[in-house]
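Following: one structure in structure tokens, then a few remarks.
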Amino acid sequence: MKIITQETITSAANAEIKALRSLHERKYRRQTGLFLAEGMRICLDALEQGHAPHRLVYAAERSDIAGLDRLSAACLAAGGRLLPVSQALLGRISRKDNPQMVMAAFHQTTVSLQQLTADPDSCWIALDRVRDPGNLGTIMRTADAVGAAGIILIDDCTDPFSVEAVRASMGAVFSVRLAVTDTPGFTRWAGDWPGEIIGTALPASCDYRKADWRRPLVLLMGNEQAGLTEALSGLCTQLIRLPMKGRADSLNLAVATGICLYEMNRAGEM
């Protein structure tokens, strides 16, 4: 497909450009149900997962960039719009000095807790009040790598559709199912969960390498500073710890989650 020639947008006052720039703010992401993804690789990953761009922005002088034809065709077929812009506007939209040549707005997709199933080999990752978008994006990426069923966000979590989280996910935001709930909702759902619920806690006596990692499983991880709340700890069938040999008394949340998920995979292969 040849990209339809359009006049290059150069003004930051353009309504489409203003709408795209507003997606850096959570309020407008909630209002519109849209979010930004930057870069050809992430946008093509989205397309392969069945997500067509709602708005496709690209550097007008780079309209021949590989993969742009595919994205453009999918965008137009889904009723979206193509927005060729100047290099300066790309920087304004992305808020970066060296922006990607392609970025797009996509529709957000989440599932409800009632849609989550306890398939025999499934693993869900539940995160309590995770605040750092880089951590959340990295956990999404790791969840995809280990084949986890998805992520449950509990209470006041950072937005998985923020630019920072999407960037850190390296496209996993399009492949990992996301559910959003609060502690009472998660508590009700966990009451019917047929498998293990493993949480991490500093006072726990069980080494993570000795835990029962049988699936179906929920891995419950706490807030970066405060850890799990007492209410959520009480839902766990096992509480585990990651031994520390140095002066540090805790690990980065994304690192700790990755260690646990790969131990789960290792245990499942034994």
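As shown in the structure tokens, the chain order sets the letters A, B, ...; within each chain, residues go from 1, and ligands are also counted from 1 in the order they appear.
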
| field | A:Glu38 surroundings by only C-alpha atoms, 10 Å radius, close-in-sequence under 3 positions cut, as a list in words | value | Arg41, Ile42, Cys43, Val57, Ser94, Pro99, Gln100, Met101, Val102, Met103, Ala104, Ala105, Val163, Val166, Arg167, Met170 and Gly171 of chain A

Take the residues just selected and output them with C-alpha atoms as a PDB file, in the first residue's frame.
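So the final result, stored in out-v1.pdb, reads:
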```
ATOM      1  CA  ARG A  41       9.030  -2.048  16.851  1.00  0.00           C
ATOM      2  CA  ILE A  42       6.413  -1.526  19.562  1.00  0.00           C
ATOM      3  CA  CYS A  43       3.796  -0.416  17.044  1.00  0.00           C
ATOM      4  CA  VAL A  57       2.069   9.811  13.685  1.00  0.00           C
ATOM      5  CA  SER A  94       7.096  12.555  22.670  1.00  0.00           C
ATOM      6  CA  PRO A  99      12.101  11.080  19.313  1.00  0.00           C
ATOM      7  CA  GLN A 100      11.262   7.939  17.409  1.00  0.00           C
ATOM      8  CA  MET A 101      10.217   8.449  13.793  1.00  0.00           C
ATOM      9  CA  VAL A 102       6.888   6.693  14.407  1.00  0.00           C
ATOM     10  CA  MET A 103       4.450   6.793  17.309  1.00  0.00           C
ATOM     11  CA  ALA A 104       0.790   5.938  17.670  1.00  0.00           C
ATOM     12  CA  ALA A 105      -2.244   6.232  19.903  1.00  0.00           C
ATOM     13  CA  VAL A 163       4.379   6.492  28.284  1.00  0.00           C
ATOM     14  CA  VAL A 166       4.630   1.287  27.904  1.00  0.00           C
ATOM     15  CA  ARG A 167       8.218   2.077  26.924  1.00  0.00           C
ATOM     16  CA  MET A 170       8.877  -3.197  25.215  1.00  0.00           C
ATOM     17  CA  GLY A 171       5.484  -4.007  23.688  1.00  0.00           C
TER      18      GLY A 171
END
```

| field | Test item: residues at most 12 Å from A:Gly185, only C-alpha atoms, excluding those fewer than 2 positions along its chain, as a PyMOL selection string | value | chain A and resi 112-114+152-155+179-183+187-192+232

Go ahead and save the residues from that selection, with C-alpha atoms, as an mmCIF file, in the first residue's frame.
```
data_model
loop_
_atom_site.group_PDB
_atom_site.id
_atom_site.type_symbol
_atom_site.label_atom_id
_atom_site.label_comp_id
_atom_site.auth_asym_id
_atom_site.auth_seq_id
_atom_site.Cartn_x
_atom_site.Cartn_y
_atom_site.Cartn_z
ATOM 1 C CA SER A 112 -12.312 -7.728 34.783
ATOM 2 C CA LEU A 113 -11.485 -10.120 37.613
ATOM 3 C CA GLN A 114 -14.568 -12.113 36.660
ATOM 4 C CA ILE A 152 -3.682 -7.777 38.492
ATOM 5 C CA LEU A 153 -3.202 -4.211 39.741
ATOM 6 C CA ILE A 154 -4.491 -3.643 43.266
ATOM 7 C CA ASP A 155 -5.434 -0.261 44.748
ATOM 8 C CA ALA A 179 -6.967 -6.312 35.426
ATOM 9 C CA VAL A 180 -7.536 -3.430 37.849
ATOM 10 C CA THR A 181 -9.186 -3.835 41.253
ATOM 11 C CA ASP A 182 -9.031 -2.828 44.921
ATOM 12 C CA THR A 183 -8.258 -4.848 48.065
ATOM 13 C CA THR A 187 -10.073 -10.474 48.464
ATOM 14 C CA ARG A 188 -13.411 -11.702 47.117
ATOM 15 C CA TRP A 189 -11.768 -13.048 43.976
ATOM 16 C CA ALA A 190 -8.941 -14.717 45.909
ATOM 17 C CA GLY A 191 -11.526 -16.523 48.066
ATOM 18 C CA ASP A 192 -12.488 -18.613 45.037
ATOM 19 C CA LEU A 232 -3.189 -8.993 51.490
#
```

| said: Counting only C-alpha atoms, which residue out of A:Arg30, A:Arg266, A:His51, A:Arg214 sits closest to A:Ser175? | reply: A:His51

Residues flagged helix (DSSP H, G or I) by DSSP in stretch 20-119 of chain A, as a compact mmCIF listing (two decimals) with all heavy atoms, in the first residue's frame:
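As a result, selection.txt now contains:
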```txt
# COMPACT_ATOMS: atom_id res chain seq x y z
N LEU A 20 -2.92 14.37 21.24
CA LEU A 20 -1.87 13.38 21.45
C LEU A 20 -0.95 13.77 22.60
O LEU A 20 -0.59 12.93 23.43
CB LEU A 20 -1.05 13.21 20.17
CG LEU A 20 -1.76 12.50 19.00
CD1 LEU A 20 -0.95 12.63 17.74
CD2 LEU A 20 -2.03 11.04 19.33
N ARG A 21 -0.59 15.04 22.67
CA ARG A 21 0.28 15.50 23.75
C ARG A 21 -0.40 15.34 25.11
O ARG A 21 0.26 15.07 26.12
CB ARG A 21 0.67 16.95 23.52
CG ARG A 21 1.58 17.17 22.33
CD ARG A 21 1.96 18.63 22.18
NE ARG A 21 2.78 19.06 23.32
CZ ARG A 21 3.01 20.33 23.63
NH1 ARG A 21 2.45 21.30 22.92
NH2 ARG A 21 3.78 20.63 24.64
N SER A 22 -1.72 15.48 25.15
CA SER A 22 -2.43 15.35 26.42
C SER A 22 -2.38 13.93 26.98
O SER A 22 -2.59 13.73 28.18
CB SER A 22 -3.90 15.76 26.24
OG SER A 22 -4.65 14.78 25.55
N ARG A 26 -2.45 11.25 32.93
CA ARG A 26 -3.35 10.13 33.23
C ARG A 26 -4.82 10.54 33.09
O ARG A 26 -5.66 9.75 32.64
CB ARG A 26 -3.08 9.63 34.65
CG ARG A 26 -3.79 8.32 34.99
CD ARG A 26 -3.30 7.74 36.29
NE ARG A 26 -3.76 6.36 36.48
CZ ARG A 26 -3.34 5.58 37.45
NH1 ARG A 26 -2.44 6.01 38.33
NH2 ARG A 26 -3.80 4.34 37.56
N LYS A 27 -5.13 11.78 33.45
CA LYS A 27 -6.51 12.25 33.37
C LYS A 27 -7.06 12.11 31.96
O LYS A 27 -8.19 11.63 31.76
CB LYS A 27 -6.58 13.71 33.83
CG LYS A 27 -7.96 14.34 33.69
CD LYS A 27 -7.98 15.74 34.25
CE LYS A 27 -7.17 16.69 33.37
NZ LYS A 27 -7.35 18.11 33.81
N TYR A 28 -6.27 12.49 30.98
CA TYR A 28 -6.74 12.44 29.60
C TYR A 28 -6.71 11.02 29.05
O TYR A 28 -7.51 10.67 28.18
CB TYR A 28 -5.93 13.40 28.74
CG TYR A 28 -6.20 14.84 29.09
CD1 TYR A 28 -5.23 15.59 29.78
CD2 TYR A 28 -7.41 15.45 28.79
CE1 TYR A 28 -5.49 16.92 30.13
CE2 TYR A 28 -7.66 16.76 29.14
CZ TYR A 28 -6.70 17.49 29.81
OH TYR A 28 -6.96 18.80 30.16
N ARG A 29 -5.79 10.22 29.53
CA ARG A 29 -5.82 8.80 29.12
C ARG A 29 -7.09 8.15 29.61
O ARG A 29 -7.70 7.33 28.90
CB ARG A 29 -4.58 8.06 29.67
CG ARG A 29 -3.27 8.48 29.00
CD ARG A 29 -2.15 7.49 29.30
NE ARG A 29 -1.82 7.42 30.72
CZ ARG A 29 -0.95 8.19 31.34
NH1 ARG A 29 -0.32 9.14 30.67
NH2 ARG A 29 -0.69 8.03 32.63
N ARG A 30 -7.52 8.49 30.82
CA ARG A 30 -8.77 7.93 31.34
C ARG A 30 -9.97 8.45 30.57
O ARG A 30 -10.91 7.70 30.29
CB ARG A 30 -8.90 8.27 32.83
CG ARG A 30 -8.01 7.45 33.74
CD ARG A 30 -8.15 7.89 35.18
NE ARG A 30 -7.51 6.96 36.09
CZ ARG A 30 -7.35 7.18 37.39
NH1 ARG A 30 -7.76 8.33 37.92
NH2 ARG A 30 -6.76 6.28 38.17
N GLN A 31 -9.96 9.72 30.24
CA GLN A 31 -11.09 10.31 29.53
C GLN A 31 -11.25 9.74 28.14
O GLN A 31 -12.37 9.49 27.67
CB GLN A 31 -10.92 11.83 29.45
CG GLN A 31 -11.14 12.56 30.76
CD GLN A 31 -10.92 14.06 30.62
OE1 GLN A 31 -10.63 14.57 29.53
NE2 GLN A 31 -11.03 14.79 31.73
N THR A 32 -10.15 9.52 27.45
CA THR A 32 -10.20 9.09 26.05
C THR A 32 -10.12 7.58 25.88
O THR A 32 -10.53 7.05 24.85
CB THR A 32 -9.05 9.73 25.25
OG1 THR A 32 -7.79 9.28 25.80
CG2 THR A 32 -9.12 11.25 25.32
N MET A 40 8.73 2.10 15.94
CA MET A 40 8.21 1.15 14.96
C MET A 40 8.08 -0.25 15.54
O MET A 40 7.08 -0.95 15.30
CB MET A 40 9.13 1.13 13.73
CG MET A 40 8.67 0.17 12.64
SD MET A 40 7.05 0.57 11.97
CE MET A 40 7.48 1.98 10.96
N ARG A 41 9.07 -0.68 16.33
CA ARG A 41 9.03 -2.05 16.85
C ARG A 41 7.82 -2.27 17.73
O ARG A 41 7.10 -3.27 17.57
CB ARG A 41 10.31 -2.34 17.63
CG ARG A 41 10.30 -3.72 18.28
CD ARG A 41 11.56 -3.99 19.06
NE ARG A 41 11.45 -5.24 19.81
CZ ARG A 41 12.41 -5.72 20.59
NH1 ARG A 41 13.56 -5.08 20.71
NH2 ARG A 41 12.24 -6.85 21.24
N ILE A 42 7.56 -1.36 18.66
CA ILE A 42 6.41 -1.53 19.56
C ILE A 42 5.11 -1.46 18.78
O ILE A 42 4.18 -2.23 19.02
CB ILE A 42 6.45 -0.47 20.68
CG1 ILE A 42 7.57 -0.82 21.68
CG2 ILE A 42 5.12 -0.39 21.41
CD1 ILE A 42 7.68 0.15 22.84
N CYS A 43 5.03 -0.55 17.82
CA CYS A 43 3.80 -0.42 17.04
C CYS A 43 3.53 -1.67 16.20
O CYS A 43 2.38 -2.11 16.07
CB CYS A 43 3.87 0.82 16.17
SG CYS A 43 3.78 2.38 17.09
N LEU A 44 4.57 -2.24 15.64
CA LEU A 44 4.39 -3.49 14.87
C LEU A 44 4.05 -4.65 15.79
O LEU A 44 3.25 -5.53 15.43
CB LEU A 44 5.64 -3.79 14.06
CG LEU A 44 5.89 -2.89 12.84
CD1 LEU A 44 7.21 -3.24 12.18
CD2 LEU A 44 4.74 -3.00 11.83
N ASP A 45 4.64 -4.68 16.99
CA ASP A 45 4.26 -5.70 17.98
C ASP A 45 2.77 -5.60 18.30
O ASP A 45 2.07 -6.61 18.42
CB ASP A 45 5.07 -5.52 19.27
CG ASP A 45 6.48 -6.07 19.16
OD1 ASP A 45 6.76 -6.78 18.18
OD2 ASP A 45 7.29 -5.79 20.06
N ALA A 46 2.29 -4.37 18.45
CA ALA A 46 0.87 -4.16 18.73
C ALA A 46 0.02 -4.72 17.60
O ALA A 46 -0.99 -5.40 17.84
CB ALA A 46 0.60 -2.67 18.91
N LEU A 47 0.43 -4.44 16.38
CA LEU A 47 -0.32 -4.92 15.21
C LEU A 47 -0.36 -6.44 15.18
O LEU A 47 -1.41 -7.04 14.89
CB LEU A 47 0.34 -4.37 13.95
CG LEU A 47 -0.49 -4.41 12.67
CD1 LEU A 47 -1.79 -3.67 12.82
CD2 LEU A 47 0.33 -3.85 11.51
N GLU A 48 0.75 -7.08 15.49
CA GLU A 48 0.79 -8.54 15.50
C GLU A 48 -0.11 -9.13 16.59
O GLU A 48 -0.55 -10.28 16.49
CB GLU A 48 2.24 -9.01 15.69
CG GLU A 48 3.12 -8.74 14.48
CD GLU A 48 4.57 -9.08 14.73
OE1 GLU A 48 4.89 -9.58 15.83
OE2 GLU A 48 5.40 -8.84 13.82
N ALA A 60 7.19 13.18 8.45
CA ALA A 60 6.77 13.29 7.05
C ALA A 60 7.91 13.00 6.08
O ALA A 60 7.70 12.40 5.02
CB ALA A 60 6.22 14.69 6.80
N GLU A 61 9.13 13.39 6.47
CA GLU A 61 10.27 13.18 5.57
C GLU A 61 10.76 11.73 5.58
O GLU A 61 11.63 11.36 4.80
CB GLU A 61 11.42 14.11 5.93
CG GLU A 61 12.02 13.89 7.30
CD GLU A 61 11.35 14.75 8.37
OE1 GLU A 61 10.15 15.06 8.22
OE2 GLU A 61 12.04 15.09 9.35
N ARG A 62 10.18 10.90 6.46
CA ARG A 62 10.57 9.49 6.54
C ARG A 62 9.39 8.57 6.22
O ARG A 62 9.24 7.50 6.77
CB ARG A 62 11.10 9.18 7.94
CG ARG A 62 12.37 9.91 8.32
CD ARG A 62 13.57 9.42 7.52
NE ARG A 62 13.73 7.98 7.64
CZ ARG A 62 14.35 7.39 8.67
NH1 ARG A 62 14.85 8.13 9.65
NH2 ARG A 62 14.48 6.10 8.72
N LEU A 68 6.01 1.09 7.78
CA LEU A 68 5.01 2.15 7.89
C LEU A 68 3.78 1.86 7.02
O LEU A 68 2.65 2.19 7.39
CB LEU A 68 5.63 3.50 7.51
CG LEU A 68 4.76 4.74 7.76
CD1 LEU A 68 4.34 4.82 9.22
CD2 LEU A 68 5.52 6.00 7.36
N ASP A 69 4.00 1.22 5.87
CA ASP A 69 2.86 0.87 5.01
C ASP A 69 1.89 -0.05 5.74
O ASP A 69 0.67 0.14 5.67
CB ASP A 69 3.36 0.18 3.74
CG ASP A 69 3.88 1.17 2.70
OD1 ASP A 69 3.83 2.39 2.99
OD2 ASP A 69 4.34 0.73 1.65
N ARG A 70 2.42 -1.06 6.44
CA ARG A 70 1.56 -2.00 7.17
C ARG A 70 0.76 -1.29 8.25
O ARG A 70 -0.44 -1.51 8.42
CB ARG A 70 2.40 -3.11 7.81
CG ARG A 70 2.97 -4.12 6.84
CD ARG A 70 3.81 -5.14 7.60
NE ARG A 70 3.04 -5.79 8.65
CZ ARG A 70 3.58 -6.43 9.68
NH1 ARG A 70 4.90 -6.46 9.82
NH2 ARG A 70 2.82 -7.01 10.58
N LEU A 71 1.44 -0.45 9.01
CA LEU A 71 0.77 0.27 10.08
C LEU A 71 -0.30 1.21 9.52
O LEU A 71 -1.40 1.33 10.08
CB LEU A 71 1.78 1.06 10.90
CG LEU A 71 2.66 0.28 11.87
CD1 LEU A 71 3.72 1.20 12.47
CD2 LEU A 71 1.81 -0.33 12.99
N SER A 72 0.03 1.89 8.44
CA SER A 72 -0.90 2.83 7.84
C SER A 72 -2.16 2.11 7.34
O SER A 72 -3.28 2.59 7.55
CB SER A 72 -0.24 3.57 6.67
OG SER A 72 0.89 4.29 7.12
N ALA A 73 -1.97 0.98 6.68
CA ALA A 73 -3.11 0.23 6.17
C ALA A 73 -4.02 -0.23 7.32
O ALA A 73 -5.25 -0.14 7.24
CB ALA A 73 -2.62 -0.98 5.37
N ALA A 74 -3.41 -0.71 8.40
CA ALA A 74 -4.20 -1.17 9.54
C ALA A 74 -4.93 -0.02 10.22
O ALA A 74 -6.09 -0.15 10.63
CB ALA A 74 -3.29 -1.87 10.55
N CYS A 75 -4.26 1.11 10.33
CA CYS A 75 -4.86 2.28 10.94
C CYS A 75 -6.08 2.74 10.15
O CYS A 75 -7.16 2.96 10.71
CB CYS A 75 -3.82 3.40 11.03
SG CYS A 75 -4.42 4.94 11.75
N LEU A 76 -5.93 2.87 8.85
CA LEU A 76 -7.04 3.33 8.01
C LEU A 76 -8.18 2.31 8.00
O LEU A 76 -9.36 2.68 8.02
CB LEU A 76 -6.54 3.59 6.59
CG LEU A 76 -5.58 4.78 6.44
CD1 LEU A 76 -5.03 4.83 5.02
CD2 LEU A 76 -6.26 6.09 6.81
N ALA A 77 -7.84 1.02 7.96
CA ALA A 77 -8.87 -0.02 7.95
C ALA A 77 -9.70 -0.01 9.23
O ALA A 77 -10.88 -0.38 9.23
CB ALA A 77 -8.22 -1.39 7.75
N GLN A 87 9.64 17.04 12.12
CA GLN A 87 10.54 16.48 13.13
C GLN A 87 10.39 17.22 14.46
O GLN A 87 10.40 16.61 15.52
CB GLN A 87 11.98 16.58 12.64
CG GLN A 87 13.01 15.90 13.53
CD GLN A 87 12.98 14.39 13.38
OE1 GLN A 87 12.61 13.89 12.34
NE2 GLN A 87 13.36 13.69 14.42
N ALA A 88 10.21 18.52 14.39
CA ALA A 88 10.06 19.31 15.62
C ALA A 88 8.81 18.90 16.39
O ALA A 88 8.83 18.82 17.63
CB ALA A 88 10.00 20.80 15.28
N LEU A 89 7.73 18.61 15.68
CA LEU A 89 6.49 18.22 16.36
C LEU A 89 6.61 16.83 16.99
O LEU A 89 6.00 16.57 18.03
CB LEU A 89 5.31 18.24 15.39
CG LEU A 89 4.55 19.55 15.27
CD1 LEU A 89 3.25 19.34 14.51
CD2 LEU A 89 4.26 20.16 16.63
N LEU A 90 7.36 15.94 16.37
CA LEU A 90 7.58 14.63 16.98
C LEU A 90 8.18 14.80 18.37
O LEU A 90 7.80 14.12 19.32
CB LEU A 90 8.49 13.77 16.11
CG LEU A 90 7.86 13.05 14.93
CD1 LEU A 90 8.94 12.35 14.11
CD2 LEU A 90 6.81 12.05 15.38
N GLY A 91 9.15 15.70 18.47
CA GLY A 91 9.76 15.97 19.76
C GLY A 91 8.77 16.55 20.76
O GLY A 91 8.80 16.22 21.95
N ARG A 92 7.87 17.41 20.28
CA ARG A 92 6.87 18.00 21.16
C ARG A 92 5.90 16.94 21.67
O ARG A 92 5.50 16.96 22.83
CB ARG A 92 6.09 19.10 20.41
CG ARG A 92 6.90 20.31 20.00
CD ARG A 92 7.26 21.19 21.19
NE ARG A 92 6.11 21.81 21.80
CZ ARG A 92 5.58 22.98 21.44
NH1 ARG A 92 6.11 23.64 20.42
NH2 ARG A 92 4.54 23.48 22.07
N ILE A 93 5.51 16.02 20.79
CA ILE A 93 4.56 14.98 21.19
C ILE A 93 5.21 14.00 22.16
O ILE A 93 4.62 13.61 23.16
CB ILE A 93 4.02 14.23 19.95
CG1 ILE A 93 3.25 15.18 19.05
CG2 ILE A 93 3.13 13.06 20.38
CD1 ILE A 93 2.92 14.60 17.69
N SER A 94 6.44 13.58 21.85
CA SER A 94 7.10 12.55 22.67
C SER A 94 7.74 13.12 23.93
O SER A 94 8.02 12.40 24.87
CB SER A 94 8.17 11.84 21.85
OG SER A 94 9.25 12.72 21.58
N LEU A 113 -11.87 -8.93 36.84
CA LEU A 113 -11.48 -10.12 37.61
C LEU A 113 -12.38 -11.31 37.28
O LEU A 113 -11.95 -12.46 37.32
CB LEU A 113 -11.57 -9.81 39.11
CG LEU A 113 -10.45 -8.95 39.71
CD1 LEU A 113 -10.66 -8.79 41.21
CD2 LEU A 113 -9.08 -9.55 39.44
N GLN A 114 -13.63 -11.03 36.96
CA GLN A 114 -14.57 -12.11 36.66
C GLN A 114 -14.19 -12.86 35.38
O GLN A 114 -14.61 -13.99 35.16
CB GLN A 114 -15.99 -11.56 36.53
CG GLN A 114 -16.61 -11.10 37.85
CD GLN A 114 -15.94 -9.86 38.42
OE1 GLN A 114 -15.56 -8.96 37.66
NE2 GLN A 114 -15.79 -9.82 39.73
N GLN A 115 -13.39 -12.21 34.54
CA GLN A 115 -12.95 -12.84 33.30
C GLN A 115 -11.70 -13.70 33.48
O GLN A 115 -11.33 -14.43 32.57
CB GLN A 115 -12.67 -11.77 32.24
CG GLN A 115 -13.89 -11.01 31.77
CD GLN A 115 -13.51 -9.88 30.83
OE1 GLN A 115 -13.12 -8.79 31.25
NE2 GLN A 115 -13.61 -10.13 29.53
```
